[in-house]
file input06.cif (mmCIF, C-alpha atoms)
data_coords
#
loop_
_atom_site.group_PDB
_atom_site.id
_atom_site.type_symbol
_atom_site.label_atom_id
_atom_site.label_comp_id
_atom_site.auth_asym_id
_atom_site.auth_seq_id
_atom_site.Cartn_x
_atom_site.Cartn_y
_atom_site.Cartn_z
ATOM 1 C CA MET A 750 165.222 294.140 -116.806
ATOM 2 C CA GLY A 751 165.298 296.201 -113.696
ATOM 3 C CA MET A 752 168.352 298.287 -113.097
ATOM 4 C CA GLN A 753 169.033 298.744 -109.489
ATOM 5 C CA ALA A 754 171.191 301.692 -108.728
ATOM 6 C CA GLY A 755 174.021 300.623 -106.479
ATOM 7 C CA GLY A 756 174.238 303.944 -104.757
ATOM 8 C CA GLY A 757 174.659 303.111 -101.096
ATOM 9 C CA GLY A 758 177.689 300.916 -100.434
ATOM 10 C CA GLY A 759 181.049 300.869 -102.126
ATOM 11 C CA LEU A 760 180.885 298.215 -104.837
ATOM 12 C CA GLN A 761 178.115 297.206 -107.147
ATOM 13 C CA SER A 762 178.370 293.506 -107.837
ATOM 14 C CA GLU A 763 175.516 293.168 -110.294
ATOM 15 C CA ILE A 764 175.936 292.574 -113.979
ATOM 16 C CA ASN A 765 174.393 295.287 -116.024
ATOM 17 C CA VAL A 766 172.372 293.302 -118.563
ATOM 18 C CA THR A 767 170.880 296.196 -120.488
ATOM 19 C CA PRO A 768 173.596 296.549 -123.176
ATOM 20 C CA MET A 769 173.757 292.798 -123.501
ATOM 21 C CA VAL A 770 170.052 292.596 -124.143
ATOM 22 C CA ASP A 771 170.366 295.469 -126.593
ATOM 23 C CA ILE A 772 172.923 293.656 -128.652
ATOM 24 C CA MET A 773 171.085 290.350 -128.522
ATOM 25 C CA LEU A 774 167.948 291.959 -129.788
ATOM 26 C CA VAL A 775 169.809 293.716 -132.587
ATOM 27 C CA LEU A 776 171.434 290.421 -133.594
ATOM 28 C CA LEU A 777 168.096 288.653 -133.515
ATOM 29 C CA ILE A 778 166.560 291.288 -135.743
ATOM 30 C CA ILE A 779 169.488 291.147 -138.155
ATOM 31 C CA PHE A 780 169.127 287.394 -138.475
ATOM 32 C CA MET A 781 165.376 287.573 -138.838
ATOM 33 C CA VAL A 782 165.785 290.028 -141.681
ATOM 34 C CA VAL A 783 168.602 288.175 -143.404
ATOM 35 C CA THR A 784 167.254 284.617 -143.212
ATOM 36 C CA PRO A 785 164.624 284.932 -145.986
ATOM 37 C CA PHE A 786 167.303 286.123 -148.400
ATOM 38 C CA LEU A 787 169.341 282.982 -147.970
ATOM 39 C CA GLN A 788 167.020 280.824 -149.997
ATOM 40 C CA GLN A 789 167.331 280.567 -153.717
ATOM 41 C CA GLY A 790 164.484 281.673 -155.885
ATOM 42 C CA ILE A 791 161.414 283.399 -154.656
ATOM 43 C CA THR A 792 159.175 282.452 -151.778
ATOM 44 C CA VAL A 793 156.570 279.909 -152.786
ATOM 45 C CA ALA A 794 153.978 278.032 -150.776
ATOM 46 C CA ILE A 795 155.643 274.686 -151.395
ATOM 47 C CA PRO A 796 153.983 271.492 -150.164
ATOM 48 C CA ARG A 797 154.561 271.168 -146.445
ATOM 49 C CA ASP A 798 154.809 268.414 -143.869
ATOM 50 C CA LEU A 799 155.571 265.561 -146.204
ATOM 51 C CA ARG A 800 157.096 262.412 -144.873
ATOM 52 C CA ASN A 801 159.608 261.235 -147.385
ATOM 53 C CA PRO A 802 161.419 263.873 -149.412
ATOM 54 C CA ASP A 803 165.217 263.593 -149.424
ATOM 55 C CA GLU A 804 167.318 266.387 -148.130
ATOM 56 C CA ASP A 805 169.378 268.098 -150.761
ATOM 57 C CA GLN A 806 171.683 270.931 -149.865
ATOM 58 C CA ALA A 807 172.212 271.669 -153.544
ATOM 59 C CA ILE A 808 168.885 273.492 -153.581
ATOM 60 C CA ASN A 809 170.493 276.337 -151.674
ATOM 61 C CA LYS A 810 173.456 276.549 -153.994
ATOM 62 C CA GLU A 811 173.835 279.597 -156.133
ATOM 63 C CA SER A 812 174.576 277.499 -159.188
ATOM 64 C CA SER A 813 171.563 275.225 -159.158
ATOM 65 C CA VAL A 814 168.680 275.887 -161.502
ATOM 66 C CA ILE A 815 165.462 276.610 -159.654
ATOM 67 C CA ILE A 816 162.210 277.298 -161.418
ATOM 68 C CA SER A 817 159.486 278.702 -159.204
ATOM 69 C CA VAL A 818 155.817 278.649 -160.053
ATOM 70 C CA PRO A 819 153.998 280.629 -157.362
ATOM 71 C CA LYS A 820 150.803 280.994 -159.378
ATOM 72 C CA ASP A 821 149.400 279.670 -162.613
ATOM 73 C CA THR A 822 151.205 281.087 -165.653
ATOM 74 C CA GLU A 823 153.881 282.821 -163.576
ATOM 75 C CA TYR A 824 157.339 281.363 -163.895
ATOM 76 C CA TYR A 825 160.486 282.507 -162.191
ATOM 77 C CA LEU A 826 163.980 281.313 -162.895
ATOM 78 C CA GLY A 827 165.863 282.123 -159.736
ATOM 79 C CA LYS A 828 164.439 285.500 -158.830
ATOM 80 C CA LYS A 829 163.714 286.648 -162.348
ATOM 81 C CA LYS A 830 160.316 286.423 -163.923
ATOM 82 C CA VAL A 831 160.429 284.711 -167.296
ATOM 83 C CA ASN A 832 158.017 283.384 -169.851
ATOM 84 C CA LEU A 833 158.174 279.825 -171.098
ATOM 85 C CA GLU A 834 160.224 280.611 -174.202
ATOM 86 C CA ASP A 835 162.893 282.522 -172.289
ATOM 87 C CA LEU A 836 162.874 279.774 -169.721
ATOM 88 C CA LYS A 837 164.045 277.217 -172.261
ATOM 89 C CA ALA A 838 166.937 279.366 -173.408
ATOM 90 C CA ALA A 839 167.916 280.295 -169.864
ATOM 91 C CA VAL A 840 167.805 276.707 -168.646
ATOM 92 C CA GLU A 841 169.941 275.590 -171.558
ATOM 93 C CA LYS A 842 172.467 278.271 -170.766
ATOM 94 C CA ALA A 843 172.502 277.513 -167.064
ATOM 95 C CA LEU A 844 173.054 273.809 -167.637
ATOM 96 C CA ALA A 845 175.593 274.159 -170.411
ATOM 97 C CA ASN A 846 178.664 273.835 -168.177
ATOM 98 C CA LYS A 847 177.306 271.127 -165.968
ATOM 99 C CA LYS A 848 178.221 267.505 -165.970
ATOM 100 C CA GLU A 849 175.624 265.079 -167.234
ATOM 101 C CA GLU A 850 174.790 263.720 -163.788
ATOM 102 C CA ASP A 851 174.357 267.213 -162.345
ATOM 103 C CA LYS A 852 171.773 268.236 -164.877
ATOM 104 C CA ILE A 853 168.899 268.510 -162.518
ATOM 105 C CA VAL A 854 166.309 271.252 -162.459
ATOM 106 C CA TYR A 855 164.495 272.035 -159.233
ATOM 107 C CA ILE A 856 160.873 273.006 -159.419
ATOM 108 C CA LYS A 857 159.390 274.997 -156.593
ATOM 109 C CA SER A 858 155.700 275.104 -157.171
ATOM 110 C CA GLY A 859 152.882 276.305 -154.977
ATOM 111 C CA VAL A 860 150.387 273.747 -153.717
ATOM 112 C CA ASP A 861 147.499 275.482 -155.453
ATOM 113 C CA VAL A 862 149.157 275.669 -158.838
ATOM 114 C CA SER A 863 147.519 273.317 -161.284
ATOM 115 C CA TYR A 864 149.578 270.321 -162.271
ATOM 116 C CA GLY A 865 149.292 271.330 -165.911
ATOM 117 C CA GLU A 866 151.517 274.348 -165.249
ATOM 118 C CA VAL A 867 154.164 272.107 -163.756
ATOM 119 C CA VAL A 868 153.860 269.806 -166.742
ATOM 120 C CA LYS A 869 154.425 272.798 -169.025
ATOM 121 C CA VAL A 870 157.640 273.623 -167.190
ATOM 122 C CA ILE A 871 158.701 269.993 -167.365
ATOM 123 C CA ASN A 872 157.998 269.917 -171.088
ATOM 124 C CA ALA A 873 160.076 273.059 -171.523
ATOM 125 C CA VAL A 874 163.110 271.729 -169.675
ATOM 126 C CA ARG A 875 163.059 268.271 -171.167
ATOM 127 C CA GLU A 876 163.529 269.758 -174.590
ATOM 128 C CA LYS A 877 166.916 270.830 -173.277
ATOM 129 C CA GLY A 878 168.009 267.354 -172.360
ATOM 130 C CA VAL A 879 167.035 267.365 -168.711
ATOM 131 C CA ASP A 880 165.647 264.056 -167.526
ATOM 132 C CA LYS A 881 165.795 264.561 -163.772
ATOM 133 C CA ILE A 882 163.845 267.074 -161.799
ATOM 134 C CA GLY A 883 163.595 267.788 -158.119
ATOM 135 C CA LEU A 884 160.230 268.717 -156.731
ATOM 136 C CA VAL A 885 161.039 270.932 -153.792
ATOM 137 C CA ALA A 886 158.920 270.063 -150.786
ATOM 138 C CA ASP A 887 159.132 270.636 -147.090
ATOM 139 C CA LYS A 888 159.892 267.704 -144.867
ATOM 140 C CA LYS A 889 157.888 267.250 -141.732
ATOM 141 C CA LYS A 890 159.882 268.236 -138.698
ATOM 142 C CA GLY A 891 160.582 265.702 -136.043
ATOM 143 C CA LYS A 892 160.249 261.987 -136.576
ATOM 144 C CA ALA A 893 160.063 261.219 -140.239
ATOM 145 C CA ALA A 894 159.089 258.152 -142.187
ATOM 146 C CA ALA A 895 156.619 256.755 -139.702
ATOM 147 C CA ALA A 896 155.125 254.673 -142.446
ATOM 148 C CA ALA A 897 157.037 252.267 -144.512
ATOM 149 C CA PRO A 898 160.693 251.487 -144.306
ATOM 150 C CA ALA A 899 161.964 251.086 -147.824
ATOM 151 C CA THR A 900 162.153 247.317 -148.110
ATOM 152 C CA MET B 44 173.912 305.048 -123.703
ATOM 153 C CA GLY B 45 176.629 306.417 -121.475
ATOM 154 C CA MET B 46 177.062 305.160 -118.010
ATOM 155 C CA SER B 47 177.995 307.953 -115.787
ATOM 156 C CA GLY B 48 179.779 306.707 -112.715
ATOM 157 C CA GLY B 49 179.235 308.230 -109.317
ATOM 158 C CA GLY B 50 182.182 310.431 -108.523
ATOM 159 C CA ASN B 51 185.781 309.429 -109.178
ATOM 160 C CA ARG B 52 186.177 306.443 -106.898
ATOM 161 C CA ALA B 53 185.894 303.546 -109.343
ATOM 162 C CA VAL B 54 186.556 303.373 -113.059
ATOM 163 C CA PRO B 55 183.264 302.198 -114.528
ATOM 164 C CA TYR B 56 183.484 299.504 -117.107
ATOM 165 C CA ILE B 57 181.089 296.964 -118.502
ATOM 166 C CA ASN B 58 181.899 293.375 -117.809
ATOM 167 C CA VAL B 59 181.717 292.004 -121.328
ATOM 168 C CA THR B 60 182.416 288.345 -120.623
ATOM 169 C CA PRO B 61 178.828 287.129 -120.087
ATOM 170 C CA LEU B 62 177.751 289.287 -122.995
ATOM 171 C CA ILE B 63 180.201 287.587 -125.294
ATOM 172 C CA ASP B 64 179.152 284.199 -123.937
ATOM 173 C CA VAL B 65 175.552 284.783 -124.787
ATOM 174 C CA LEU B 66 176.328 286.288 -128.166
ATOM 175 C CA LEU B 67 178.459 283.322 -129.144
ATOM 176 C CA VAL B 68 175.754 280.902 -128.106
ATOM 177 C CA LEU B 69 173.221 282.871 -130.137
ATOM 178 C CA LEU B 70 175.521 282.900 -133.121
ATOM 179 C CA ILE B 71 176.033 279.162 -132.918
ATOM 180 C CA ILE B 72 172.288 278.591 -132.639
ATOM 181 C CA PHE B 73 171.671 280.628 -135.737
ATOM 182 C CA MET B 74 174.493 279.035 -137.666
ATOM 183 C CA VAL B 75 172.942 275.650 -136.966
ATOM 184 C CA VAL B 76 169.409 276.701 -137.772
ATOM 185 C CA THR B 77 169.966 278.847 -140.848
ATOM 186 C CA PRO B 78 170.774 276.213 -143.490
ATOM 187 C CA LEU B 79 167.087 275.255 -143.274
ATOM 188 C CA LYS B 80 167.648 271.808 -144.768
ATOM 189 C CA PRO B 81 165.720 272.035 -148.017
ATOM 190 C CA SER B 82 164.430 268.775 -149.366
ATOM 191 C CA ARG B 83 162.990 267.541 -152.620
ATOM 192 C CA PHE B 84 161.504 264.573 -154.410
ATOM 193 C CA LYS B 85 163.618 263.406 -157.253
ATOM 194 C CA ALA B 86 161.520 262.502 -160.252
ATOM 195 C CA ASP B 87 162.491 261.312 -163.674
ATOM 196 C CA ILE B 88 160.944 262.791 -166.752
ATOM 197 C CA PRO B 89 161.128 261.358 -170.249
ATOM 198 C CA THR B 90 163.612 262.966 -172.562
ATOM 199 C CA GLN B 91 162.423 264.352 -175.838
ATOM 200 C CA ARG B 92 161.846 261.520 -178.256
ATOM 201 C CA ASP B 93 162.665 261.518 -181.898
ATOM 202 C CA PRO B 94 159.216 261.631 -183.555
ATOM 203 C CA ASN B 95 160.393 259.337 -186.338
ATOM 204 C CA GLU B 96 161.521 256.619 -183.983
ATOM 205 C CA ASP B 97 159.753 253.320 -184.433
ATOM 206 C CA LEU B 98 157.904 252.766 -181.182
ATOM 207 C CA SER B 99 156.628 249.352 -182.174
ATOM 208 C CA LYS B 100 160.014 247.825 -181.469
ATOM 209 C CA LEU B 101 159.854 248.799 -177.809
ATOM 210 C CA LYS B 102 158.692 245.977 -175.658
ATOM 211 C CA PRO B 103 156.327 246.863 -172.846
ATOM 212 C CA ASN B 104 157.766 245.978 -169.475
ATOM 213 C CA PRO B 105 155.369 243.701 -167.554
ATOM 214 C CA LEU B 106 156.709 245.057 -164.286
ATOM 215 C CA THR B 107 155.692 248.619 -165.027
ATOM 216 C CA LEU B 108 153.631 250.217 -162.296
ATOM 217 C CA VAL B 109 151.542 253.236 -163.134
ATOM 218 C CA VAL B 110 149.718 255.182 -160.483
ATOM 219 C CA SER B 111 147.012 257.255 -162.081
ATOM 220 C CA ILE B 112 145.011 259.937 -160.402
ATOM 221 C CA SER B 113 141.591 260.817 -161.696
ATOM 222 C CA THR B 114 140.073 264.289 -161.655
ATOM 223 C CA ASP B 115 137.892 263.313 -158.691
ATOM 224 C CA LEU B 116 141.066 262.468 -156.735
ATOM 225 C CA GLN B 117 140.690 258.691 -156.902
ATOM 226 C CA LEU B 118 143.857 256.641 -157.266
ATOM 227 C CA LYS B 119 144.508 253.675 -159.466
ATOM 228 C CA LEU B 120 147.467 251.352 -159.533
ATOM 229 C CA ASN B 121 147.606 250.063 -163.069
ATOM 230 C CA GLN B 122 143.893 249.177 -163.389
ATOM 231 C CA ASP B 123 142.948 248.584 -159.772
ATOM 232 C CA PRO B 124 141.279 251.269 -157.661
ATOM 233 C CA MET B 125 143.438 252.145 -154.638
ATOM 234 C CA GLY B 126 141.729 254.677 -152.395
ATOM 235 C CA SER B 127 141.955 258.405 -152.856
ATOM 236 C CA VAL B 128 144.512 261.180 -152.674
ATOM 237 C CA ASN B 129 143.540 262.016 -149.116
ATOM 238 C CA ASP B 130 144.093 258.478 -147.932
ATOM 239 C CA PRO B 131 146.830 256.863 -149.989
ATOM 240 C CA SER B 132 147.603 254.218 -147.363
ATOM 241 C CA ALA B 133 145.997 251.463 -149.423
ATOM 242 C CA LEU B 134 148.222 252.383 -152.344
ATOM 243 C CA ALA B 135 151.324 252.493 -150.175
ATOM 244 C CA ALA B 136 150.514 249.121 -148.645
ATOM 245 C CA LYS B 137 149.903 247.526 -152.033
ATOM 246 C CA LEU B 138 153.135 248.925 -153.466
ATOM 247 C CA GLN B 139 155.097 247.728 -150.501
ATOM 248 C CA GLN B 140 153.590 244.292 -150.835
ATOM 249 C CA THR B 141 154.393 244.272 -154.548
ATOM 250 C CA PHE B 142 158.031 245.182 -153.926
ATOM 251 C CA GLN B 143 158.302 242.536 -151.258
ATOM 252 C CA GLN B 144 156.954 239.930 -153.676
ATOM 253 C CA ARG B 145 159.381 241.033 -156.337
ATOM 254 C CA LYS B 146 162.201 240.681 -153.917
ATOM 255 C CA GLU B 147 161.186 237.105 -153.183
ATOM 256 C CA GLN B 148 160.823 236.360 -156.872
ATOM 257 C CA HIS B 149 164.028 238.183 -157.777
ATOM 258 C CA ALA B 150 162.301 240.419 -160.295
ATOM 259 C CA TYR B 151 165.227 242.568 -161.302
ATOM 260 C CA LYS B 152 165.379 245.639 -163.463
ATOM 261 C CA VAL B 153 166.103 245.087 -167.111
ATOM 262 C CA GLY B 154 169.862 244.839 -167.528
ATOM 263 C CA MET B 155 170.511 244.291 -163.828
ATOM 264 C CA GLU B 156 169.804 240.558 -163.648
ATOM 265 C CA THR B 157 173.443 239.637 -163.404
ATOM 266 C CA ALA B 158 174.861 242.768 -161.833
ATOM 267 C CA THR B 159 175.691 241.094 -158.541
ATOM 268 C CA ASN B 160 178.034 243.893 -157.507
ATOM 269 C CA ILE B 161 175.002 246.112 -156.891
ATOM 270 C CA PRO B 162 173.039 245.518 -153.693
ATOM 271 C CA GLU B 163 170.001 243.327 -154.144
ATOM 272 C CA ASP B 164 167.556 246.034 -153.087
ATOM 273 C CA GLN B 165 168.685 248.394 -155.799
ATOM 274 C CA ARG B 166 168.300 245.819 -158.529
ATOM 275 C CA ILE B 167 164.647 245.072 -157.854
ATOM 276 C CA GLU B 168 162.357 246.810 -160.312
ATOM 277 C CA LYS B 169 160.731 249.520 -158.238
ATOM 278 C CA THR B 170 159.998 252.086 -160.875
ATOM 279 C CA VAL B 171 156.630 253.746 -160.486
ATOM 280 C CA PHE B 172 155.123 256.173 -162.946
ATOM 281 C CA VAL B 173 152.687 258.852 -161.933
ATOM 282 C CA LYS B 174 149.997 259.955 -164.286
ATOM 283 C CA ALA B 175 147.865 262.889 -163.235
ATOM 284 C CA PRO B 176 145.485 265.102 -165.191
ATOM 285 C CA ARG B 177 146.543 268.682 -165.787
ATOM 286 C CA ALA B 178 143.550 270.109 -163.941
ATOM 287 C CA LEU B 179 144.678 268.634 -160.650
ATOM 288 C CA LYS B 180 146.346 270.723 -157.957
ATOM 289 C CA TYR B 181 150.089 270.295 -157.685
ATOM 290 C CA GLY B 182 149.776 269.760 -153.944
ATOM 291 C CA ASP B 183 147.659 266.652 -154.456
ATOM 292 C CA VAL B 184 150.124 265.179 -156.898
ATOM 293 C CA VAL B 185 152.978 265.733 -154.469
ATOM 294 C CA LYS B 186 150.978 264.024 -151.717
ATOM 295 C CA VAL B 187 150.677 260.947 -153.895
ATOM 296 C CA ILE B 188 154.370 261.058 -154.769
ATOM 297 C CA ASP B 189 155.104 261.253 -151.050
ATOM 298 C CA ALA B 190 153.108 258.090 -150.437
ATOM 299 C CA ILE B 191 154.742 256.284 -153.364
ATOM 300 C CA LYS B 192 158.182 257.279 -152.191
ATOM 301 C CA GLY B 193 157.285 256.101 -148.705
ATOM 302 C CA ALA B 194 156.468 252.673 -150.066
ATOM 303 C CA GLY B 195 160.019 252.443 -151.355
ATOM 304 C CA ALA B 196 159.582 253.240 -155.020
ATOM 305 C CA ASN B 197 162.722 254.373 -156.760
ATOM 306 C CA PRO B 198 162.861 255.993 -159.246
ATOM 307 C CA VAL B 199 159.563 257.830 -159.518
ATOM 308 C CA GLY B 200 158.740 258.887 -163.040
ATOM 309 C CA LEU B 201 156.284 261.531 -164.122
ATOM 310 C CA GLN B 202 154.266 260.908 -167.203
ATOM 311 C CA VAL B 203 153.959 264.154 -169.113
ATOM 312 C CA ASP B 204 152.702 263.058 -172.516
ATOM 313 C CA ASP B 205 149.067 262.465 -173.354
ATOM 314 C CA LEU B 206 147.694 263.838 -170.141
ATOM 315 C CA PRO B 207 143.973 264.598 -170.034
#
call {"tool": "encode", "arguments": {"input": "input06.cif", "output": "structure tokens"}}
result
Amino acid sequence: MGMQAGGGGGLQSEINVTPMVDIMLVLLIIFMVVTPFLQQGITVAIPRDLRNPDEDQAINKESSVIISVPKDTEYYLGKKKVNLEDLKAAVEKALANKKEEDKIVYIKSGVDVSYGEVVKVINAVREKGVDKIGLVADKKKGKAAAAAPAT
Amino acid sequence: MGMSGGGNRAVPYINVTPLIDVLLVLLIIFMVVTPLKPSRFKADIPTQRDPNEDLSKLKPNPLTLVVSISTDLQLKLNQDPMGSVNDPSALAAKLQQTFQQRKEQHAYKVGMETATNIPEDQRIEKTVFVKAPRALKYGDVVKVIDAIKGAGANPVGLQVDDLP
């Protein structure tokens, strides 16, 4: 990042990179700050490096129903903390205008949450006619599905 | 951030072309990276049953596969022990073998025996249920689901009634 003063001769034929670097850094910082806000729901330590989950862009959609369970007995619908009773009502409301095949509830649960908590959430949503859930998990980067082609 | 030129010989200006080049490349990189590709396991859960319904009329399906996890992280496929949560390869291999056998024997899903318009692979009964005790960690359950999915099971169902 040295800046050599031309001084001597007539023309300075060097590109001044300082403002460019300035702007790049600012952009980088902006993106680093904004990126965490793009996800739906709150940040949860979801299971990582799994081989076979399916990609689903709908998880990032504003309209999809995402229940996060970061810790035992803490439930979030989207970014709002709710208790189990409110959760039922809110899920029913959120799914009311959806077509039957789109009635899917995504569950983002931390790896250390006990399975019983997840079962409680499942029991709450199935009362509202949901029979499909999506367990949000992180797919291993790089070559996937090393084991087992489907058939 | 001014750039004071030396004297009044040349009009100083910043050459913005390379700057714009780099910025556009950066932008494109971020636009590609940002949608983070979220993924999920689809799982079926039972709908709420009418408590007055007569369950005795339901016939048990002989092709049902249930993977149960015990509290000490051992796996079972129906009644047979199949390794543990940390090494589900035995389970995956057995499931794969089972599906392969079913394909050879044309063991179709109920109601799909004659649906020849659907590809063969989708008609084979590959439903697997997962039964895990409530005390287990969610992460372990997902690991098992990952292995089951890898063996080709579809759909995966979660058993949520009568869990220990």
call {"tool": "resolve_selection", "arguments": {"input": "input06.cif", "expression": "the PyMOL selection byres ((chain B) within 6 of (chain A))", "output": "PyMOL selection string"}}
result
chain B and resi 62+81-91+177-182+189+193-195
call {"tool": "closest_residue", "arguments": {"input": "input06.cif", "among": "A:Ala838, A:Val793, A:Ile779, A:Leu774", "to": "A:Glu823", "atoms": "only C-alpha atoms"}}
result
A:Val793
call {"tool": "resolve_selection", "arguments": {"input": "input06.cif", "expression": "the PyMOL selection byres ((chain B and resi 137) around 12)", "output": "ChimeraX atom specification"}}
result
/A:897 /B:108,110,119-121,123-126,131-136,138-144,190-191,193-196
call {"tool": "atom_distance", "arguments": {"input": "input06.cif", "atom1": "atom CA of A:Lys829", "atom2": "atom CA of A:Ile791"}}
result
8.7 Å
call {"tool": "residues_around", "arguments": {"input": "input06.cif", "residues": "B:Gln165", "least_positions_apart": "2", "cutoff": "12 Å", "atoms": "all atoms listed in the file", "output": "short mmCIF file (atom, residue, chain, number, x, y, z; two decimals) with C-alpha atoms, in the frame of the given file"}}
result
data_model
loop_
_atom_site.label_atom_id
_atom_site.label_comp_id
_atom_site.auth_asym_id
_atom_site.auth_seq_id
_atom_site.Cartn_x
_atom_site.Cartn_y
_atom_site.Cartn_z
CA ALA A 899 161.96 251.09 -147.82
CA THR A 900 162.15 247.32 -148.11
CA PHE B 142 158.03 245.18 -153.93
CA ARG B 145 159.38 241.03 -156.34
CA LYS B 146 162.20 240.68 -153.92
CA HIS B 149 164.03 238.18 -157.78
CA ALA B 150 162.30 240.42 -160.29
CA TYR B 151 165.23 242.57 -161.30
CA LYS B 152 165.38 245.64 -163.46
CA MET B 155 170.51 244.29 -163.83
CA GLU B 156 169.80 240.56 -163.65
CA ALA B 158 174.86 242.77 -161.83
CA THR B 159 175.69 241.09 -158.54
CA ASN B 160 178.03 243.89 -157.51
CA ILE B 161 175.00 246.11 -156.89
CA PRO B 162 173.04 245.52 -153.69
CA GLU B 163 170.00 243.33 -154.14
CA ILE B 167 164.65 245.07 -157.85
CA GLU B 168 162.36 246.81 -160.31
CA LYS B 169 160.73 249.52 -158.24
CA THR B 170 160.00 252.09 -160.88
CA GLY B 195 160.02 252.44 -151.35
CA ALA B 196 159.58 253.24 -155.02
CA ASN B 197 162.72 254.37 -156.76
CA PRO B 198 162.86 255.99 -159.25
#
call {"tool": "atom_distance", "arguments": {"input": "input06.cif", "atom1": "atom CA of B:Val171", "atom2": "atom CA of B:Thr107"}}
result
6.9 Å
call {"tool": "axis_aligned_box", "arguments": {"input": "input06.cif", "around": "stretch 855-874 of chain A", "padding_each_side": "8 Å", "output": "JSON"}}
result
{"center_x": 156.0, "center_y": 273.1, "center_z": -162.6, "size_x": 33.0, "size_y": 22.5, "size_z": 33.8}
call {"tool": "closest_residue", "arguments": {"input": "input06.cif", "among": "A:Val831, A:Ala843, A:Leu836, A:Val775", "to": "A:Val814", "atoms": "all atoms listed in the file"}}
result
A:Ala843
call {"tool": "atom_distance", "arguments": {"input": "input06.cif", "atom1": "atom CA of B:Gln122", "atom2": "atom CA of B:Leu106"}}
result
13.5 Å
call {"tool": "closest_residue", "arguments": {"input": "input06.cif", "among": "B:Val153, B:Asp164, B:Ile188, B:Thr60", "to": "B:Lys102", "atoms": "only C-alpha atoms"}}
result
B:Val153
